[in-house]
$ cat run.cif   # mmCIF, C-alpha atoms and all ligand atoms
data_run
loop_
_atom_site.label_atom_id
_atom_site.label_comp_id
_atom_site.auth_asym_id
_atom_site.auth_seq_id
_atom_site.Cartn_x
_atom_site.Cartn_y
_atom_site.Cartn_z
CA MET J 1 14.19 -12.65 5.97
CA ASN J 2 12.44 -9.56 7.32
CA THR J 3 11.05 -9.52 10.85
CA PRO J 4 7.31 -10.28 10.54
CA PHE J 5 5.18 -7.20 11.18
CA LEU J 6 1.67 -7.85 12.54
CA ALA J 7 -0.61 -4.86 12.85
CA GLY J 8 -4.14 -4.42 14.15
CA ASN J 9 -6.30 -1.83 12.43
CA TRP J 10 -9.20 -1.21 14.79
CA LYS J 11 -11.05 1.05 12.34
CA MET J 12 -14.00 2.83 14.05
CA ASN J 13 -14.49 0.20 16.74
CA LEU J 14 -14.11 -0.22 20.51
CA ASP J 15 -14.66 2.30 23.28
CA ARG J 16 -12.06 3.57 25.72
CA ARG J 17 -12.54 0.78 28.20
CA ALA J 18 -12.52 -2.03 25.64
CA ALA J 19 -9.47 -0.48 23.96
CA LEU J 20 -7.52 -0.36 27.23
CA GLU J 21 -8.51 -3.91 28.13
CA LEU J 22 -7.38 -5.11 24.72
CA VAL J 23 -3.93 -3.52 24.87
CA GLU J 24 -3.40 -4.69 28.45
CA ALA J 25 -4.10 -8.25 27.36
CA LEU J 26 -1.79 -7.89 24.36
CA ALA J 27 1.03 -6.20 26.28
CA GLY J 28 1.11 -9.01 28.80
CA ARG J 29 1.95 -11.51 26.08
CA VAL J 30 3.74 -9.67 23.29
CA GLY J 31 6.81 -9.01 25.42
CA GLU J 32 7.44 -12.74 25.38
CA ARG J 33 7.77 -12.84 21.62
CA ARG J 34 10.69 -10.76 20.35
CA ASP J 35 10.88 -12.17 16.84
CA VAL J 36 7.86 -10.23 15.52
CA ASP J 37 6.96 -6.54 15.42
CA VAL J 38 3.46 -5.64 16.58
CA ALA J 39 1.47 -2.42 16.23
CA VAL J 40 -2.09 -1.31 16.96
CA PHE J 41 -4.01 1.44 15.19
CA PRO J 42 -6.70 2.90 17.49
CA PRO J 43 -9.10 5.71 16.54
CA PHE J 44 -7.52 9.18 16.94
CA VAL J 45 -9.23 10.00 20.22
CA TYR J 46 -7.73 7.02 22.04
CA LEU J 47 -4.17 7.38 20.75
CA ASP J 48 -2.89 9.39 23.69
CA GLU J 49 -4.23 7.01 26.30
CA ILE J 50 -3.27 3.85 24.43
CA SER J 51 0.27 5.15 23.85
CA ARG J 52 0.61 5.79 27.57
CA ALA J 53 -0.79 2.37 28.42
CA LEU J 54 1.79 0.78 26.11
CA MET J 55 4.81 2.70 27.39
CA GLY J 56 7.59 0.22 28.00
CA SER J 57 5.87 -2.39 25.79
CA PRO J 58 7.31 -3.33 22.38
CA ILE J 59 3.85 -2.82 20.86
CA ARG J 60 3.89 0.32 18.72
CA VAL J 61 0.94 2.64 18.25
CA GLY J 62 -0.21 4.17 15.00
CA ALA J 63 -3.03 6.29 13.61
CA GLN J 64 -5.43 5.25 10.85
CA ASN J 65 -5.10 8.44 8.81
CA CYS J 66 -3.58 11.92 8.87
CA CYS J 67 -3.99 15.25 7.10
CA ASP J 68 -1.83 16.01 4.07
CA GLU J 69 -1.24 19.54 5.34
CA GLU J 70 1.05 20.39 8.25
CA SER J 71 -1.26 22.78 10.10
CA GLY J 72 -3.83 25.50 9.54
CA ALA J 73 -7.47 26.00 8.62
CA PHE J 74 -8.46 22.38 7.93
CA THR J 75 -11.52 21.82 10.10
CA GLY J 76 -11.90 18.27 11.29
CA GLU J 77 -8.44 17.14 10.22
CA VAL J 78 -5.59 15.87 12.38
CA ALA J 79 -1.96 16.77 11.61
CA ALA J 80 0.77 14.13 11.48
CA SER J 81 2.79 16.20 13.98
CA MET J 82 -0.16 16.05 16.42
CA LEU J 83 -0.22 12.28 16.10
CA ALA J 84 3.49 12.14 16.92
CA ASP J 85 2.85 14.53 19.80
CA VAL J 86 0.43 12.08 21.47
CA GLY J 87 2.69 9.08 21.04
CA ALA J 88 1.82 7.65 17.62
CA GLU J 89 4.85 6.32 15.77
CA LEU J 90 3.14 5.19 12.59
CA VAL J 91 0.23 6.01 10.34
CA LEU J 92 -1.84 4.02 7.84
CA ILE J 93 -2.16 5.84 4.54
CA GLY J 94 -4.32 4.94 1.58
CA HIS J 95 -6.40 2.29 3.31
CA SER J 96 -9.09 1.01 0.95
CA GLU J 97 -11.83 2.57 3.09
CA ARG J 98 -10.13 5.96 2.72
CA ARG J 99 -9.79 5.41 -1.03
CA HIS J 100 -13.21 3.94 -1.73
CA VAL J 101 -15.52 5.31 0.99
CA TYR J 102 -13.97 8.76 1.28
CA GLY J 103 -12.69 9.13 -2.27
CA GLU J 104 -9.01 9.69 -1.52
CA GLY J 105 -6.92 9.64 -4.66
CA ASP J 106 -3.28 8.85 -5.28
CA GLU J 107 -2.12 12.48 -5.25
CA LEU J 108 -3.66 13.18 -1.84
CA ILE J 109 -2.30 9.89 -0.54
CA CYS J 110 1.18 10.78 -1.75
CA ARG J 111 1.03 14.17 -0.02
CA LYS J 112 0.03 12.38 3.18
CA VAL J 113 3.01 10.03 2.88
CA HIS J 114 5.35 13.02 2.55
CA THR J 115 3.74 14.91 5.43
CA ALA J 116 3.76 11.86 7.72
CA LEU J 117 7.41 11.03 7.06
CA GLY J 118 8.25 14.70 7.52
CA ALA J 119 6.62 14.61 10.95
CA GLY J 120 8.74 11.62 11.94
CA LEU J 121 6.04 8.98 11.58
CA ASP J 122 6.59 5.63 9.89
CA VAL J 123 4.08 4.87 7.16
CA ILE J 124 2.09 1.83 6.09
CA LEU J 125 1.03 2.57 2.52
CA CYS J 126 -1.96 0.40 1.52
CA VAL J 127 -2.65 -0.71 -2.04
CA GLY J 128 -5.14 -3.16 -3.50
CA GLU J 129 -7.55 -3.88 -6.32
CA THR J 130 -11.34 -4.21 -6.33
CA ILE J 131 -13.04 -7.40 -7.48
CA ASP J 132 -13.93 -5.80 -10.84
CA GLU J 133 -10.33 -4.80 -11.37
CA ARG J 134 -9.12 -8.32 -10.55
CA GLU J 135 -11.72 -10.00 -12.74
CA SER J 136 -10.86 -7.77 -15.67
CA GLY J 137 -7.17 -8.64 -15.33
CA ARG J 138 -6.07 -5.24 -14.06
CA THR J 139 -4.69 -6.15 -10.63
CA GLU J 140 -1.05 -5.46 -11.51
CA GLN J 141 -1.86 -2.23 -13.29
CA VAL J 142 -3.90 -0.97 -10.31
CA VAL J 143 -1.41 -1.80 -7.59
CA ALA J 144 1.47 -0.49 -9.71
CA THR J 145 -0.26 2.85 -10.18
CA GLN J 146 -1.07 3.08 -6.47
CA LEU J 147 2.46 2.14 -5.40
CA ARG J 148 4.27 4.43 -7.86
CA ALA J 149 1.96 7.37 -7.20
CA GLY J 150 1.98 6.90 -3.43
CA LEU J 151 5.79 6.84 -3.29
CA GLU J 152 6.36 9.63 -5.82
CA GLY J 153 9.24 11.78 -4.57
CA ILE J 154 9.98 9.57 -1.55
CA ALA J 155 13.75 9.26 -1.21
CA GLU J 156 15.48 5.90 -0.96
CA GLY J 157 16.74 6.86 2.50
CA ASP J 158 13.17 7.21 3.76
CA MET J 159 12.07 3.78 2.58
CA ALA J 160 13.34 2.18 5.79
CA ARG J 161 10.33 3.91 7.41
CA VAL J 162 7.79 2.68 4.87
CA THR J 163 5.87 -0.61 4.93
CA ILE J 164 3.57 -1.61 2.07
CA ALA J 165 0.27 -3.37 2.78
CA TYR J 166 -1.33 -5.32 -0.06
CA GLU J 167 -5.03 -5.43 0.75
CA PRO J 168 -7.31 -6.67 -2.01
CA VAL J 169 -10.53 -4.71 -1.53
CA TRP J 170 -12.62 -7.85 -2.09
CA ALA J 171 -10.89 -9.58 0.83
CA ILE J 172 -11.36 -6.83 3.41
CA GLY J 173 -14.00 -7.68 5.98
CA THR J 174 -15.55 -10.29 3.71
CA GLY J 175 -14.08 -13.55 5.00
CA HIS J 176 -12.72 -14.17 1.45
CA THR J 177 -9.00 -14.22 2.10
CA ALA J 178 -6.69 -14.19 -0.90
CA THR J 179 -5.16 -17.60 -1.44
CA ALA J 180 -1.49 -18.03 -0.70
CA ALA J 181 -0.88 -18.13 -4.46
CA GLN J 182 -2.83 -14.92 -5.12
CA ALA J 183 -1.04 -13.07 -2.31
CA GLY J 184 2.33 -14.45 -3.39
CA GLU J 185 1.88 -13.26 -6.97
CA VAL J 186 1.01 -9.69 -6.05
CA HIS J 187 3.63 -9.45 -3.30
CA ALA J 188 6.35 -10.62 -5.69
CA TYR J 189 5.13 -8.12 -8.26
CA LEU J 190 5.20 -5.27 -5.71
CA ARG J 191 8.70 -6.23 -4.65
CA GLY J 192 9.80 -6.14 -8.27
CA LEU J 193 8.31 -2.67 -8.61
CA LEU J 194 10.21 -1.50 -5.51
CA GLU J 195 13.41 -2.81 -7.05
CA GLY J 196 12.73 -0.82 -10.20
CA LEU J 197 11.82 2.33 -8.27
CA TYR J 198 14.71 2.10 -5.80
CA SER J 199 17.16 -0.80 -5.62
CA GLU J 200 17.46 -4.49 -4.91
CA SER J 201 18.36 -3.81 -1.28
CA VAL J 202 15.38 -1.50 -0.70
CA ALA J 203 13.07 -4.03 -2.34
CA ALA J 204 14.41 -6.83 -0.14
CA ALA J 205 14.25 -4.81 3.09
CA THR J 206 10.79 -3.24 2.59
CA ARG J 207 8.17 -5.21 4.44
CA ILE J 208 5.03 -6.06 2.50
CA GLN J 209 2.06 -7.00 4.67
CA TYR J 210 -0.97 -8.87 3.45
CA GLY J 211 -4.37 -7.69 4.66
CA GLY J 212 -7.92 -8.90 4.10
CA SER J 213 -9.71 -11.37 6.36
CA VAL J 214 -6.55 -12.55 8.11
CA LYS J 215 -7.52 -14.87 10.94
CA ALA J 216 -5.83 -17.25 13.36
CA ASP J 217 -6.54 -20.18 11.05
CA ASN J 218 -5.04 -18.70 7.87
CA VAL J 219 -2.19 -16.54 9.19
CA ALA J 220 0.46 -19.26 9.20
CA GLU J 221 -0.28 -20.23 5.59
CA LEU J 222 -0.12 -16.61 4.45
CA MET J 223 3.02 -15.88 6.44
CA ALA J 224 4.70 -18.90 4.85
CA VAL J 225 4.39 -17.26 1.42
CA THR J 226 7.62 -15.84 0.03
CA ASP J 227 7.37 -12.05 0.03
CA VAL J 228 4.64 -11.90 2.70
CA ASP J 229 6.33 -10.12 5.62
CA GLY J 230 3.39 -9.52 7.87
CA ALA J 231 -0.32 -8.95 8.17
CA LEU J 232 -2.60 -5.96 8.54
CA VAL J 233 -5.56 -7.27 10.49
CA GLY J 234 -8.95 -5.62 10.91
CA GLY J 235 -11.81 -7.56 12.49
CA ALA J 236 -9.63 -10.19 14.13
CA SER J 237 -7.50 -7.55 15.87
CA LEU J 238 -10.36 -6.37 18.09
CA LYS J 239 -10.18 -9.12 20.69
CA PRO J 240 -7.20 -10.68 22.47
CA GLU J 241 -8.51 -14.17 21.78
CA SER J 242 -8.51 -13.57 18.02
CA PHE J 243 -5.42 -11.29 17.72
CA LEU J 244 -3.03 -13.11 20.08
CA PRO J 245 -3.04 -16.33 18.02
CA ILE J 246 -2.19 -14.20 14.96
CA ILE J 247 0.72 -12.54 16.75
CA GLU J 248 1.81 -15.93 18.04
CA PHE J 249 1.50 -17.75 14.71
CA GLN J 250 3.90 -20.60 14.30
CA GLY J 251 6.12 -20.05 11.26
P1 LIG K 1 -10.20 -7.34 7.84
O1 LIG K 1 -9.64 -5.85 7.55
O2 LIG K 1 -9.08 -8.09 8.52
O3 LIG K 1 -11.37 -7.12 8.77
O4 LIG K 1 -10.55 -7.93 6.55
C1 LIG K 1 -8.33 -5.64 7.11
C2 LIG K 1 -8.06 -4.17 6.90
O5 LIG K 1 -8.96 -3.45 6.45
O6 LIG K 1 -6.96 -3.68 7.19
#

$ encode --input "run.cif" --output "structure tokens"
Amino acid sequence: MNTPFLAGNWKMNLDRRAALELVEALAGRVGERRDVDVAVFPPFVYLDEISRALMGSPIRVGAQNCCDEESGAFTGEVAASMLADVGAELVLIGHSERRHVYGEGDELICRKVHTALGAGLDVILCVGETIDERESGRTEQVVATQLRAGLEGIAEGDMARVTIAYEPVWAIGTGHTATAAQAGEVHAYLRGLLEGLYSESVAAATRIQYGGSVKADNVAELMAVTDVDGALVGGASLKPESFLPIIEFQG
């Protein structure tokens, strides 16, 4: 079994003070639990300070996005190497809000995966279907396209640095969590795809997180599902009292 990986995606929330208070509260407790991996994803501008605050803590720090280009005339963008420079170790790529609010497509997402890995960052590649796609029976087709396209040209040796997050768009921020059965079906399908793209060992070792309205009261049920190796948590990751019970779920 893979080590559960619980990650908090803060999105565009919290200010500096609230962010520091949150990680201080988390750091005090996470050290006691060594059988899970934990990461937080603050907004860019707080990465440096949060990374420093978490020095010596097992909690890892990641960014929510990065530029597909390495450097140059890309006003408003942030390079993966800059993220690494201020202490980020991971980056979320292809989050549904990047895909659906900002129109990022699979080719751009794939370039970001390459650039991030090239800069030494680990990657969480997010995939997931909309409600229309699910209701018209296209879930597998959609996540397969996103997974294949996002990992195009990524070598087997780099897959140890890639986590997949299955986040059905209809479950994100809505309170409508996927059922254990729905998550289990898609996770098993994604693992099968990874086996076809790489190998049985890569498929088994690649962690697949579930994301979409994960809360303290549903995390244990989701984590009990075969092929669910962790959770990518939005709203419930913003406060110690809602994120700590997720990190401390009883398996
Ligand atoms: P949510 O967000 O937990 O607030 O649904 C999850 C995500 O977008 O990663």

$ residues_near_ligand --input "run.cif" --ligand "ligand LIG 1 (chain K)" --cutoff "7 Å" --atoms "all atoms listed in the file" --output "ChimeraX atom specification"
/J:9,167,171-175,211-214,232-236

$ write_last_selection --input "run.cif" --atoms "C-alpha atoms" --output "mmCIF file, keeping the file's coordinate frame"
data_model
loop_
_atom_site.group_PDB
_atom_site.id
_atom_site.type_symbol
_atom_site.label_atom_id
_atom_site.label_comp_id
_atom_site.auth_asym_id
_atom_site.auth_seq_id
_atom_site.Cartn_x
_atom_site.Cartn_y
_atom_site.Cartn_z
ATOM 1 C CA ASN J 9 -6.300 -1.830 12.430
ATOM 2 C CA GLU J 167 -5.030 -5.430 0.750
ATOM 3 C CA ALA J 171 -10.890 -9.580 0.830
ATOM 4 C CA ILE J 172 -11.360 -6.830 3.410
ATOM 5 C CA GLY J 173 -14.000 -7.680 5.980
ATOM 6 C CA THR J 174 -15.550 -10.290 3.710
ATOM 7 C CA GLY J 175 -14.080 -13.550 5.000
ATOM 8 C CA GLY J 211 -4.370 -7.690 4.660
ATOM 9 C CA GLY J 212 -7.920 -8.900 4.100
ATOM 10 C CA SER J 213 -9.710 -11.370 6.360
ATOM 11 C CA VAL J 214 -6.550 -12.550 8.110
ATOM 12 C CA LEU J 232 -2.600 -5.960 8.540
ATOM 13 C CA VAL J 233 -5.560 -7.270 10.490
ATOM 14 C CA GLY J 234 -8.950 -5.620 10.910
ATOM 15 C CA GLY J 235 -11.810 -7.560 12.490
ATOM 16 C CA ALA J 236 -9.630 -10.190 14.130
#

$ closest_residue --input "run.cif" --among "J:Arg98, J:Lys11, J:Arg207, J:Arg34" --to "Ile124 (chain J)" --atoms "all atoms listed in the file"
J:Arg207

$ residues_around --input "run.cif" --residues "His114 (chain J)" --least-positions-apart "6" --cutoff "10 Å" --atoms "all atoms listed in the file" --output "count of residues only"
11

$ residues_near_point --input "run.cif" --point "(-8.5, -5.7, 22.6)" --cutoff "6 Å" --atoms "all atoms listed in the file" --output "ChimeraX atom specification"
/J:19,21-23,238-240

$ closest_residue --input "run.cif" --among "J:Glu104, J:Asp132, J:Asp217, J:Glu77" --to "Phe243 (chain J)" --atoms "all atoms listed in the file"
J:Asp217

$ residues_around --input "run.cif" --residues "Glu97 (chain J)" --least-positions-apart "2" --cutoff "12 Å" --atoms "all atoms listed in the file" --output "list in words"
Asn9, Lys11, Met12, Gln64, Asn65, Leu92, Ile93, Gly94, His95, Arg99, His100, Val101, Tyr102, Gly103, Glu104, Gly105, Cys126, Val127, Gly128, Thr130, Glu167, Pro168, Val169, Trp170, Ile172, Gly173 and Gly234 of chain J

$ closest_residue --input "run.cif" --among "J:Thr206, J:Thr179, J:Ser136, J:Thr145" --to "Val162 (chain J)" --atoms "only C-alpha atoms"
J:Thr206

$ closest_residue --input "run.cif" --among "J:Glu107, J:Leu194, J:Ile247, J:Glu221" --to "Ile59 (chain J)" --atoms "only C-alpha atoms"
J:Ile247

$ atom_distance --input "run.cif" --atom1 "CA of Arg191 (chain J)" --atom2 "CA of Ala178 (chain J)"
17.7 Å

$ closest_residue --input "run.cif" --among "J:Glu89, J:Asp227, J:Arg60, J:Val219" --to "Ala183 (chain J)" --atoms "only C-alpha atoms"
J:Asp227

$ atom_distance --input "run.cif" --atom1 "CA of Glu156 (chain J)" --atom2 "CA of Asp122 (chain J)"
14.0 Å

$ closest_residue --input "run.cif" --among "J:Val186, J:Met82, J:Ala180, J:Leu125" --to "Ile164 (chain J)" --atoms "all atoms listed in the file"
J:Leu125

$ atom_distance --input "run.cif" --atom1 "CA of Glu70 (chain J)" --atom2 "CA of Cys110 (chain J)"
13.9 Å

$ residues_around --input "run.cif" --residues "region 79-81 of chain J" --least-positions-apart "6" --cutoff "6 Å" --atoms "only C-alpha atoms" --output "MDAnalysis selection string"
chainID J and resid 66:67 70 116 119

$ decode --input "run.cif" --residues "region 33-57 of chain J" --atoms "C-alpha atoms" --output "PDB file, in the first residue's frame"
ATOM      1  CA  ARG J  33       2.037  11.202  12.503  1.00  0.00           C
ATOM      2  CA  ARG J  34       4.745   9.670  10.322  1.00  0.00           C
ATOM      3  CA  ASP J  35       2.567   7.280   8.349  1.00  0.00           C
ATOM      4  CA  VAL J  36       1.093   9.958   6.065  1.00  0.00           C
ATOM      5  CA  ASP J  37       2.614  12.568   3.758  1.00  0.00           C
ATOM      6  CA  VAL J  38       1.228  16.088   4.070  1.00  0.00           C
ATOM      7  CA  ALA J  39       1.627  19.130   1.819  1.00  0.00           C
ATOM      8  CA  VAL J  40       0.147  22.619   1.657  1.00  0.00           C
ATOM      9  CA  PHE J  41      -0.283  24.759  -1.456  1.00  0.00           C
ATOM     10  CA  PRO J  42      -0.306  28.474  -0.543  1.00  0.00           C
ATOM     11  CA  PRO J  43      -0.684  31.329  -3.040  1.00  0.00           C
ATOM     12  CA  PHE J  44       2.628  32.231  -4.746  1.00  0.00           C
ATOM     13  CA  VAL J  45       3.316  35.313  -2.642  1.00  0.00           C
ATOM     14  CA  TYR J  46       3.346  33.379   0.631  1.00  0.00           C
ATOM     15  CA  LEU J  47       5.464  30.442  -0.536  1.00  0.00           C
ATOM     16  CA  ASP J  48       8.769  31.848   0.663  1.00  0.00           C
ATOM     17  CA  GLU J  49       7.528  32.643   4.137  1.00  0.00           C
ATOM     18  CA  ILE J  50       5.528  29.442   4.541  1.00  0.00           C
ATOM     19  CA  SER J  51       8.495  27.327   3.393  1.00  0.00           C
ATOM     20  CA  ARG J  52      10.670  29.006   6.005  1.00  0.00           C
ATOM     21  CA  ALA J  53       8.024  28.533   8.689  1.00  0.00           C
ATOM     22  CA  LEU J  54       7.886  24.820   7.855  1.00  0.00           C
ATOM     23  CA  MET J  55      11.639  24.210   7.805  1.00  0.00           C
ATOM     24  CA  GLY J  56      12.335  21.100   9.843  1.00  0.00           C
ATOM     25  CA  SER J  57       8.680  20.005   9.578  1.00  0.00           C
TER      26      SER J  57
END
